[in-house]
$ cat my_file-v3.cif   # mmCIF, N, CA and C atoms
data_data
#
loop_
_atom_site.label_atom_id
_atom_site.label_comp_id
_atom_site.auth_asym_id
_atom_site.auth_seq_id
_atom_site.Cartn_x
_atom_site.Cartn_y
_atom_site.Cartn_z
N MET A 253 0.84 -1.19 0.00
CA MET A 253 0.00 0.00 0.00
C MET A 253 0.87 1.24 0.00
N ARG A 254 0.32 2.31 -0.48
CA ARG A 254 1.00 3.61 -0.45
C ARG A 254 -0.04 4.66 -0.10
N ASN A 255 0.42 5.84 0.25
CA ASN A 255 -0.47 6.90 0.71
C ASN A 255 -0.30 8.17 -0.09
N VAL A 256 -1.37 8.93 -0.20
CA VAL A 256 -1.30 10.33 -0.59
C VAL A 256 -1.44 11.10 0.71
N GLU A 257 -0.46 11.96 1.01
CA GLU A 257 -0.44 12.66 2.29
C GLU A 257 -0.41 14.17 2.09
N ILE A 258 -1.16 14.86 2.93
CA ILE A 258 -1.08 16.32 2.97
C ILE A 258 -1.04 16.76 4.42
N LYS A 259 -0.42 17.91 4.65
CA LYS A 259 -0.30 18.48 5.99
C LYS A 259 -0.64 19.96 5.89
N ALA A 260 -1.35 20.46 6.90
CA ALA A 260 -1.73 21.87 6.91
C ALA A 260 -1.67 22.42 8.33
N LYS A 261 -1.32 23.68 8.43
CA LYS A 261 -1.40 24.41 9.71
C LYS A 261 -2.86 24.70 9.96
N VAL A 262 -3.30 24.57 11.21
CA VAL A 262 -4.70 24.77 11.56
C VAL A 262 -4.79 25.90 12.58
N ASP A 263 -5.56 26.93 12.24
CA ASP A 263 -5.76 28.05 13.18
C ASP A 263 -6.85 27.74 14.19
N ASN A 264 -7.98 27.22 13.74
CA ASN A 264 -9.10 26.93 14.63
C ASN A 264 -9.25 25.41 14.77
N ILE A 265 -8.42 24.83 15.63
CA ILE A 265 -8.37 23.37 15.75
C ILE A 265 -9.70 22.79 16.24
N ASP A 266 -10.40 23.52 17.10
CA ASP A 266 -11.67 23.01 17.62
C ASP A 266 -12.70 22.86 16.51
N GLU A 267 -12.73 23.80 15.59
CA GLU A 267 -13.69 23.75 14.47
C GLU A 267 -13.34 22.59 13.51
N VAL A 268 -12.06 22.41 13.22
CA VAL A 268 -11.64 21.31 12.35
C VAL A 268 -11.96 19.97 13.01
N GLU A 269 -11.71 19.89 14.31
CA GLU A 269 -11.99 18.64 15.02
C GLU A 269 -13.49 18.34 15.04
N LYS A 270 -14.31 19.35 15.23
CA LYS A 270 -15.77 19.16 15.22
C LYS A 270 -16.22 18.58 13.88
N LYS A 271 -15.67 19.11 12.79
CA LYS A 271 -16.03 18.61 11.46
C LYS A 271 -15.50 17.19 11.25
N ALA A 272 -14.31 16.90 11.77
CA ALA A 272 -13.75 15.54 11.64
C ALA A 272 -14.63 14.53 12.37
N ILE A 273 -15.14 14.90 13.54
CA ILE A 273 -16.03 14.02 14.29
C ILE A 273 -17.28 13.72 13.47
N GLU A 274 -17.83 14.74 12.82
CA GLU A 274 -19.04 14.56 12.01
C GLU A 274 -18.79 13.63 10.81
N LEU A 275 -17.61 13.71 10.23
CA LEU A 275 -17.29 12.92 9.04
C LEU A 275 -16.82 11.50 9.35
N SER A 276 -16.30 11.29 10.55
CA SER A 276 -15.62 10.04 10.89
C SER A 276 -16.53 8.83 10.93
N ASP A 277 -15.97 7.70 10.46
CA ASP A 277 -16.65 6.41 10.51
C ASP A 277 -16.41 5.70 11.85
N THR A 278 -15.47 6.20 12.65
CA THR A 278 -15.07 5.54 13.89
C THR A 278 -14.97 6.57 15.01
N PRO A 279 -14.96 6.11 16.26
CA PRO A 279 -14.78 7.05 17.37
C PRO A 279 -13.35 7.57 17.42
N LEU A 280 -13.19 8.68 18.09
CA LEU A 280 -11.88 9.30 18.28
C LEU A 280 -10.91 8.34 18.94
N LYS A 281 -9.67 8.34 18.46
CA LYS A 281 -8.58 7.63 19.12
C LYS A 281 -7.50 8.67 19.42
N VAL A 282 -7.15 8.82 20.70
CA VAL A 282 -6.11 9.77 21.12
C VAL A 282 -4.80 9.01 21.24
N ILE A 283 -3.75 9.54 20.59
CA ILE A 283 -2.44 8.90 20.58
C ILE A 283 -1.40 9.95 21.02
N ASN A 284 -0.78 9.73 22.18
CA ASN A 284 0.31 10.60 22.60
C ASN A 284 1.60 10.00 22.07
N GLN A 285 2.37 10.81 21.33
CA GLN A 285 3.58 10.29 20.68
C GLN A 285 4.79 11.12 21.06
N HIS A 286 5.89 10.43 21.23
CA HIS A 286 7.19 11.06 21.45
C HIS A 286 8.10 10.47 20.38
N ASP A 287 8.47 11.27 19.39
CA ASP A 287 9.29 10.80 18.27
C ASP A 287 10.73 11.24 18.47
N ILE A 288 11.65 10.28 18.39
CA ILE A 288 13.09 10.56 18.49
C ILE A 288 13.70 10.18 17.15
N PHE A 289 14.38 11.14 16.52
CA PHE A 289 14.98 10.93 15.21
C PHE A 289 16.47 10.69 15.34
N PHE A 290 16.98 9.71 14.60
CA PHE A 290 18.39 9.36 14.59
C PHE A 290 18.90 9.39 13.16
N HIS A 291 20.10 9.88 12.96
CA HIS A 291 20.73 9.84 11.64
C HIS A 291 21.29 8.45 11.42
N ILE A 292 21.07 7.93 10.21
CA ILE A 292 21.69 6.66 9.83
C ILE A 292 22.32 6.83 8.46
N PRO A 293 23.54 6.38 8.28
CA PRO A 293 24.16 6.46 6.96
C PRO A 293 23.56 5.41 6.03
N VAL A 294 23.16 5.86 4.85
CA VAL A 294 22.59 4.97 3.85
C VAL A 294 23.24 5.28 2.52
N LYS A 295 23.89 4.31 1.93
CA LYS A 295 24.60 4.55 0.68
C LYS A 295 23.68 4.91 -0.47
N GLN A 296 22.47 4.33 -0.51
CA GLN A 296 21.56 4.59 -1.61
C GLN A 296 20.92 5.97 -1.51
N ALA A 297 20.79 6.50 -0.30
CA ALA A 297 20.12 7.79 -0.11
C ALA A 297 21.11 8.91 -0.36
N THR A 298 20.70 9.89 -1.13
CA THR A 298 21.59 11.00 -1.46
C THR A 298 21.92 11.86 -0.25
N ASN A 299 21.00 12.01 0.68
CA ASN A 299 21.23 12.85 1.85
C ASN A 299 21.30 12.06 3.15
N GLY A 300 21.53 10.77 3.06
CA GLY A 300 21.49 9.96 4.27
C GLY A 300 20.06 9.63 4.61
N GLY A 301 19.83 9.24 5.83
CA GLY A 301 18.49 8.86 6.21
C GLY A 301 18.21 9.17 7.66
N ARG A 302 16.96 8.99 8.04
CA ARG A 302 16.52 9.15 9.41
C ARG A 302 15.82 7.89 9.84
N LEU A 303 16.06 7.51 11.05
CA LEU A 303 15.30 6.44 11.67
C LEU A 303 14.57 7.09 12.82
N LYS A 304 13.25 6.95 12.82
CA LYS A 304 12.43 7.55 13.86
C LYS A 304 11.94 6.47 14.79
N LEU A 305 12.20 6.67 16.09
CA LEU A 305 11.63 5.80 17.11
C LEU A 305 10.41 6.54 17.65
N ARG A 306 9.24 5.96 17.43
CA ARG A 306 7.99 6.56 17.91
C ARG A 306 7.57 5.80 19.15
N GLU A 307 7.58 6.51 20.28
CA GLU A 307 7.18 5.91 21.54
C GLU A 307 5.76 6.32 21.89
N PHE A 308 4.96 5.33 22.30
CA PHE A 308 3.58 5.59 22.70
C PHE A 308 3.47 5.53 24.22
N GLU A 309 2.40 6.11 24.76
CA GLU A 309 2.27 6.18 26.21
C GLU A 309 2.06 4.83 26.87
N ASP A 310 1.71 3.79 26.09
CA ASP A 310 1.54 2.45 26.68
C ASP A 310 2.84 1.66 26.67
N ASP A 311 3.98 2.36 26.49
CA ASP A 311 5.32 1.77 26.46
C ASP A 311 5.60 0.89 25.26
N THR A 312 4.77 1.00 24.21
CA THR A 312 5.08 0.34 22.95
C THR A 312 5.72 1.37 22.03
N GLY A 313 6.18 0.92 20.89
CA GLY A 313 6.79 1.84 19.94
C GLY A 313 6.92 1.21 18.57
N GLU A 314 7.42 2.02 17.63
CA GLU A 314 7.67 1.52 16.29
C GLU A 314 8.84 2.30 15.70
N LEU A 315 9.55 1.66 14.77
CA LEU A 315 10.64 2.30 14.05
C LEU A 315 10.16 2.63 12.65
N ILE A 316 10.46 3.86 12.20
CA ILE A 316 10.03 4.32 10.88
C ILE A 316 11.26 4.89 10.18
N TYR A 317 11.50 4.48 8.93
CA TYR A 317 12.64 4.96 8.16
C TYR A 317 12.22 6.03 7.16
N TYR A 318 13.04 7.07 7.05
CA TYR A 318 12.82 8.14 6.06
C TYR A 318 14.13 8.39 5.33
N GLU A 319 14.05 8.74 4.04
CA GLU A 319 15.22 9.23 3.32
C GLU A 319 15.13 10.74 3.33
N ARG A 320 15.75 11.32 4.36
CA ARG A 320 15.77 12.77 4.54
C ARG A 320 17.13 13.14 5.10
N PRO A 321 17.47 14.42 5.07
CA PRO A 321 18.78 14.83 5.61
C PRO A 321 18.99 14.35 7.04
N ASP A 322 20.27 14.28 7.40
CA ASP A 322 20.67 13.67 8.68
C ASP A 322 20.53 14.60 9.87
N ILE A 323 19.30 14.82 10.29
CA ILE A 323 19.03 15.71 11.41
C ILE A 323 18.52 14.86 12.57
N GLN A 324 19.01 15.19 13.77
CA GLN A 324 18.53 14.49 14.96
C GLN A 324 17.71 15.43 15.81
N GLY A 325 16.81 14.88 16.60
CA GLY A 325 16.00 15.70 17.48
C GLY A 325 14.79 14.92 17.96
N THR A 326 13.89 15.63 18.65
CA THR A 326 12.68 15.00 19.17
C THR A 326 11.47 15.87 18.88
N VAL A 327 10.32 15.22 18.78
CA VAL A 327 9.04 15.90 18.59
C VAL A 327 8.03 15.23 19.53
N GLU A 328 7.29 16.05 20.27
CA GLU A 328 6.23 15.52 21.12
C GLU A 328 4.90 16.07 20.64
N LYS A 329 3.92 15.16 20.51
CA LYS A 329 2.61 15.60 20.03
C LYS A 329 1.51 14.73 20.60
N THR A 330 0.32 15.31 20.62
CA THR A 330 -0.90 14.56 20.90
C THR A 330 -1.66 14.52 19.59
N ARG A 331 -1.96 13.31 19.15
CA ARG A 331 -2.63 13.11 17.87
C ARG A 331 -4.03 12.58 18.12
N HIS A 332 -5.01 13.23 17.49
CA HIS A 332 -6.37 12.72 17.47
C HIS A 332 -6.58 12.09 16.10
N LEU A 333 -6.95 10.82 16.11
CA LEU A 333 -7.09 10.06 14.88
C LEU A 333 -8.55 9.78 14.59
N TYR A 334 -8.95 10.09 13.35
CA TYR A 334 -10.29 9.79 12.86
C TYR A 334 -10.14 9.06 11.54
N LEU A 335 -11.05 8.13 11.25
CA LEU A 335 -11.04 7.42 9.98
C LEU A 335 -12.28 7.79 9.18
N VAL A 336 -12.04 8.17 7.91
CA VAL A 336 -13.13 8.48 6.99
C VAL A 336 -12.85 7.68 5.72
N GLY A 337 -13.59 6.58 5.55
CA GLY A 337 -13.34 5.71 4.40
C GLY A 337 -11.91 5.21 4.43
N GLN A 338 -11.17 5.46 3.35
CA GLN A 338 -9.79 5.01 3.25
C GLN A 338 -8.78 6.06 3.73
N THR A 339 -9.28 7.08 4.45
CA THR A 339 -8.42 8.19 4.87
C THR A 339 -8.31 8.27 6.38
N ARG A 340 -7.08 8.47 6.83
CA ARG A 340 -6.80 8.74 8.24
C ARG A 340 -6.67 10.26 8.39
N ILE A 341 -7.48 10.83 9.26
CA ILE A 341 -7.36 12.25 9.59
C ILE A 341 -6.62 12.34 10.91
N HIS A 342 -5.48 13.02 10.90
CA HIS A 342 -4.70 13.26 12.12
C HIS A 342 -4.86 14.72 12.48
N ILE A 343 -5.31 14.99 13.67
CA ILE A 343 -5.33 16.36 14.18
C ILE A 343 -4.29 16.40 15.29
N ASP A 344 -3.22 17.13 15.03
CA ASP A 344 -2.04 17.11 15.89
C ASP A 344 -1.84 18.41 16.65
N ARG A 345 -1.58 18.26 17.92
CA ARG A 345 -1.14 19.37 18.78
C ARG A 345 0.33 19.09 19.06
N VAL A 346 1.22 19.88 18.43
CA VAL A 346 2.65 19.62 18.48
C VAL A 346 3.30 20.61 19.44
N LEU A 347 3.96 20.07 20.46
CA LEU A 347 4.60 20.88 21.47
C LEU A 347 5.61 21.84 20.84
N GLY A 348 5.43 23.13 21.10
CA GLY A 348 6.35 24.14 20.59
C GLY A 348 6.07 24.61 19.17
N LEU A 349 5.12 23.99 18.47
CA LEU A 349 4.84 24.37 17.08
C LEU A 349 3.42 24.87 16.86
N GLY A 350 2.46 24.23 17.49
CA GLY A 350 1.07 24.62 17.28
C GLY A 350 0.22 23.45 16.82
N ASN A 351 -0.82 23.77 16.06
CA ASN A 351 -1.84 22.79 15.67
C ASN A 351 -1.81 22.53 14.17
N PHE A 352 -1.99 21.25 13.82
CA PHE A 352 -1.89 20.83 12.43
C PHE A 352 -2.93 19.75 12.14
N MET A 353 -3.15 19.54 10.86
CA MET A 353 -4.03 18.49 10.38
C MET A 353 -3.28 17.77 9.26
N GLU A 354 -3.28 16.45 9.32
CA GLU A 354 -2.71 15.64 8.25
C GLU A 354 -3.77 14.70 7.73
N LEU A 355 -3.76 14.49 6.44
CA LEU A 355 -4.61 13.48 5.82
C LEU A 355 -3.71 12.44 5.17
N GLU A 356 -4.01 11.18 5.40
CA GLU A 356 -3.31 10.07 4.75
C GLU A 356 -4.37 9.23 4.03
N VAL A 357 -4.40 9.34 2.73
CA VAL A 357 -5.34 8.56 1.92
C VAL A 357 -4.61 7.28 1.49
N ALA A 358 -5.09 6.14 1.98
CA ALA A 358 -4.46 4.85 1.65
C ALA A 358 -4.89 4.40 0.27
N LEU A 359 -3.91 4.11 -0.57
CA LEU A 359 -4.17 3.64 -1.93
C LEU A 359 -3.73 2.19 -2.08
N ASP A 360 -4.47 1.43 -2.84
CA ASP A 360 -4.02 0.09 -3.23
C ASP A 360 -2.97 0.27 -4.32
N TYR A 361 -2.19 -0.78 -4.57
CA TYR A 361 -1.11 -0.66 -5.55
C TYR A 361 -1.60 -0.28 -6.94
N GLY A 362 -2.79 -0.68 -7.32
CA GLY A 362 -3.29 -0.36 -8.65
C GLY A 362 -3.97 0.99 -8.76
N ASP A 363 -4.20 1.67 -7.62
CA ASP A 363 -4.91 2.95 -7.63
C ASP A 363 -4.06 4.08 -8.19
N ASP A 364 -4.70 4.96 -8.92
CA ASP A 364 -4.06 6.15 -9.46
C ASP A 364 -3.90 7.17 -8.32
N PRO A 365 -2.70 7.72 -8.12
CA PRO A 365 -2.51 8.73 -7.07
C PRO A 365 -3.45 9.93 -7.22
N ALA A 366 -3.89 10.22 -8.44
CA ALA A 366 -4.83 11.33 -8.65
C ALA A 366 -6.13 11.08 -7.88
N LYS A 367 -6.52 9.82 -7.76
CA LYS A 367 -7.72 9.46 -6.99
C LYS A 367 -7.54 9.87 -5.53
N GLY A 368 -6.37 9.56 -4.96
CA GLY A 368 -6.08 9.93 -3.58
C GLY A 368 -6.04 11.44 -3.38
N GLU A 369 -5.46 12.14 -4.34
CA GLU A 369 -5.41 13.61 -4.25
C GLU A 369 -6.81 14.21 -4.30
N GLU A 370 -7.68 13.62 -5.12
CA GLU A 370 -9.06 14.08 -5.22
C GLU A 370 -9.80 13.88 -3.88
N ILE A 371 -9.60 12.73 -3.28
CA ILE A 371 -10.21 12.44 -1.97
C ILE A 371 -9.70 13.43 -0.92
N ALA A 372 -8.39 13.67 -0.91
CA ALA A 372 -7.79 14.58 0.07
C ALA A 372 -8.31 16.00 -0.11
N LYS A 373 -8.40 16.47 -1.33
CA LYS A 373 -8.90 17.83 -1.60
C LYS A 373 -10.35 17.99 -1.14
N LYS A 374 -11.15 16.95 -1.39
CA LYS A 374 -12.56 16.98 -0.96
C LYS A 374 -12.65 17.05 0.57
N LEU A 375 -11.87 16.23 1.25
CA LEU A 375 -11.88 16.25 2.71
C LEU A 375 -11.36 17.58 3.27
N MET A 376 -10.33 18.12 2.65
CA MET A 376 -9.83 19.44 3.08
C MET A 376 -10.95 20.46 3.07
N LYS A 377 -11.70 20.47 1.97
CA LYS A 377 -12.80 21.42 1.82
C LYS A 377 -13.86 21.20 2.90
N GLU A 378 -14.21 19.93 3.12
CA GLU A 378 -15.21 19.60 4.14
C GLU A 378 -14.74 19.97 5.55
N LEU A 379 -13.44 19.91 5.79
CA LEU A 379 -12.88 20.27 7.09
C LEU A 379 -12.65 21.77 7.24
N GLY A 380 -12.81 22.51 6.14
CA GLY A 380 -12.60 23.95 6.19
C GLY A 380 -11.15 24.37 6.18
N VAL A 381 -10.29 23.54 5.59
CA VAL A 381 -8.85 23.82 5.51
C VAL A 381 -8.54 24.31 4.10
N SER A 382 -7.91 25.47 3.99
CA SER A 382 -7.64 26.07 2.67
C SER A 382 -6.28 25.64 2.12
N ASP A 383 -6.12 25.76 0.82
CA ASP A 383 -4.85 25.45 0.16
C ASP A 383 -3.71 26.30 0.70
N SER A 384 -4.02 27.52 1.13
CA SER A 384 -2.97 28.42 1.63
C SER A 384 -2.39 27.95 2.96
N SER A 385 -3.04 27.01 3.63
CA SER A 385 -2.55 26.46 4.90
C SER A 385 -1.64 25.26 4.72
N LEU A 386 -1.53 24.74 3.48
CA LEU A 386 -0.75 23.53 3.24
C LEU A 386 0.73 23.73 3.55
N LEU A 387 1.34 22.68 4.06
CA LEU A 387 2.77 22.68 4.41
C LEU A 387 3.43 21.43 3.86
N SER A 388 4.73 21.46 3.78
CA SER A 388 5.47 20.24 3.46
C SER A 388 6.58 20.10 4.49
N GLY A 389 7.10 18.90 4.61
CA GLY A 389 8.19 18.65 5.54
C GLY A 389 7.71 18.06 6.85
N ALA A 390 8.66 17.61 7.63
CA ALA A 390 8.38 16.96 8.90
C ALA A 390 8.30 17.96 10.03
N TYR A 391 7.59 17.59 11.09
CA TYR A 391 7.51 18.45 12.26
C TYR A 391 8.90 18.75 12.82
N LEU A 392 9.78 17.77 12.78
CA LEU A 392 11.15 17.98 13.28
C LEU A 392 11.84 19.12 12.54
N ASP A 393 11.68 19.16 11.22
CA ASP A 393 12.29 20.24 10.44
C ASP A 393 11.74 21.60 10.88
N MET A 394 10.44 21.65 11.16
CA MET A 394 9.82 22.89 11.62
C MET A 394 10.33 23.30 12.99
N VAL A 395 10.50 22.32 13.88
CA VAL A 395 11.02 22.59 15.22
C VAL A 395 12.43 23.16 15.12
N LEU A 396 13.26 22.57 14.29
CA LEU A 396 14.65 23.00 14.16
C LEU A 396 14.77 24.38 13.52
N LYS A 397 13.82 24.77 12.68
CA LYS A 397 13.84 26.10 12.06
C LYS A 397 13.47 27.19 13.04
N LYS A 398 12.70 26.84 14.09
CA LYS A 398 12.25 27.83 15.09
C LYS A 398 13.39 28.37 15.89
#

$ encode --input "my_file-v3.cif" --output "structure tokens"
Amino acid sequence: MRNVEIKAKVDNIDEVEKKAIELSDTPLKVINQHDIFFHIPVKQATNGGRLKLREFEDDTGELIYYERPDIQGTVEKTRHLYLVGQTRIHIDRVLGLGNFMELEVALDYGDDPAKGEEIAKKLMKELGVSDSSLLSGAYLDMVLKK
């Protein structure tokens, strides 16, 4: 599987969350996350890579690999997760950064990415998030720029 992902800064998080609740197929799931990023040398990656250790409050965790520049650091956030069809809506409160919304539209291998982008754009509109709020990059990069 692969995803179409978008991220946006959210000014009125309560309003976006209210709309997400109305659209969601499932009840709210609250996930407190502490992400620790480590640089790892990777010969295939032009800028090296990152390995992220995501720790959850229940003492479980997961490792996630990214091909991004070799920056280390930590990010703490509270994520509210909603599911709408094949899309995960993340409403994130990121310590030191503010409030954000991410959409992850899950695609099957045969699906056209344009289909995922269409779904994401429709959900953005329904959530009241404008194109001018869109962002790219990881929360860690934003923290380090501050």

$ closest_residue --input "my_file-v3.cif" --among "A:Asn255, A:Asp263, A:Lys367, A:Thr326" --to "Asp287 of chain A" --atoms "all atoms listed in the file"
A:Thr326

$ residues_around --input "my_file-v3.cif" --residues "Ile343 of chain A" --least-positions-apart "3" --cutoff "6 Å" --atoms "only N, CA and C atoms" --output "PyMOL selection string"
chain A and resi 330-333+352-354

$ atom_distance --input "my_file-v3.cif" --atom1 "atom CA of Asn284 of chain A" --atom2 "atom N of Asn351 of chain A"
14.7 Å

$ resolve_selection --input "my_file-v3.cif" --expression "the PyMOL selection byres ((chain A and resi 278) around 7)" --output "list in words"
Leu275, Ser276, Asp277, Pro279, Leu280, Lys281, Tyr334, Leu335 and Val336 of chain A

$ resolve_selection --input "my_file-v3.cif" --expression "the PyMOL selection byres ((chain A and resi 339) around 7)" --output "PyMOL selection string"
chain A and resi 334-338+340-341+355-358

$ atom_distance --input "my_file-v3.cif" --atom1 "atom N of Lys397 of chain A" --atom2 "atom C of Val256 of chain A"
23.7 Å

$ resolve_selection --input "my_file-v3.cif" --expression "the PyMOL selection byres ((chain A and resi 329) around 6)" --output "list in words"
Ile283, Asn284, Gln285, His286, Val327, Glu328, Thr330, Arg331, Arg345, Val346 and Leu347 of chain A

$ atom_distance --input "my_file-v3.cif" --atom1 "atom CA of Tyr361 of chain A" --atom2 "atom CA of Glu257 of chain A"
15.5 Å

$ residues_around --input "my_file-v3.cif" --residues "Val268 of chain A" --least-positions-apart "5" --cutoff "8 Å" --atoms "all atoms listed in the file" --output "PyMOL selection string"
chain A and resi 262-263+273-274+343+378-381

$ axis_aligned_box --input "my_file-v3.cif" --around "segment 373-377 of chain A" --padding-each-side "4 Å" --output "AutoDock Vina command-line options"
--center_x -11.1 --center_y 18.8 --center_z 0.8 --size_x 13.5 --size_y 13.2 --size_z 12.9
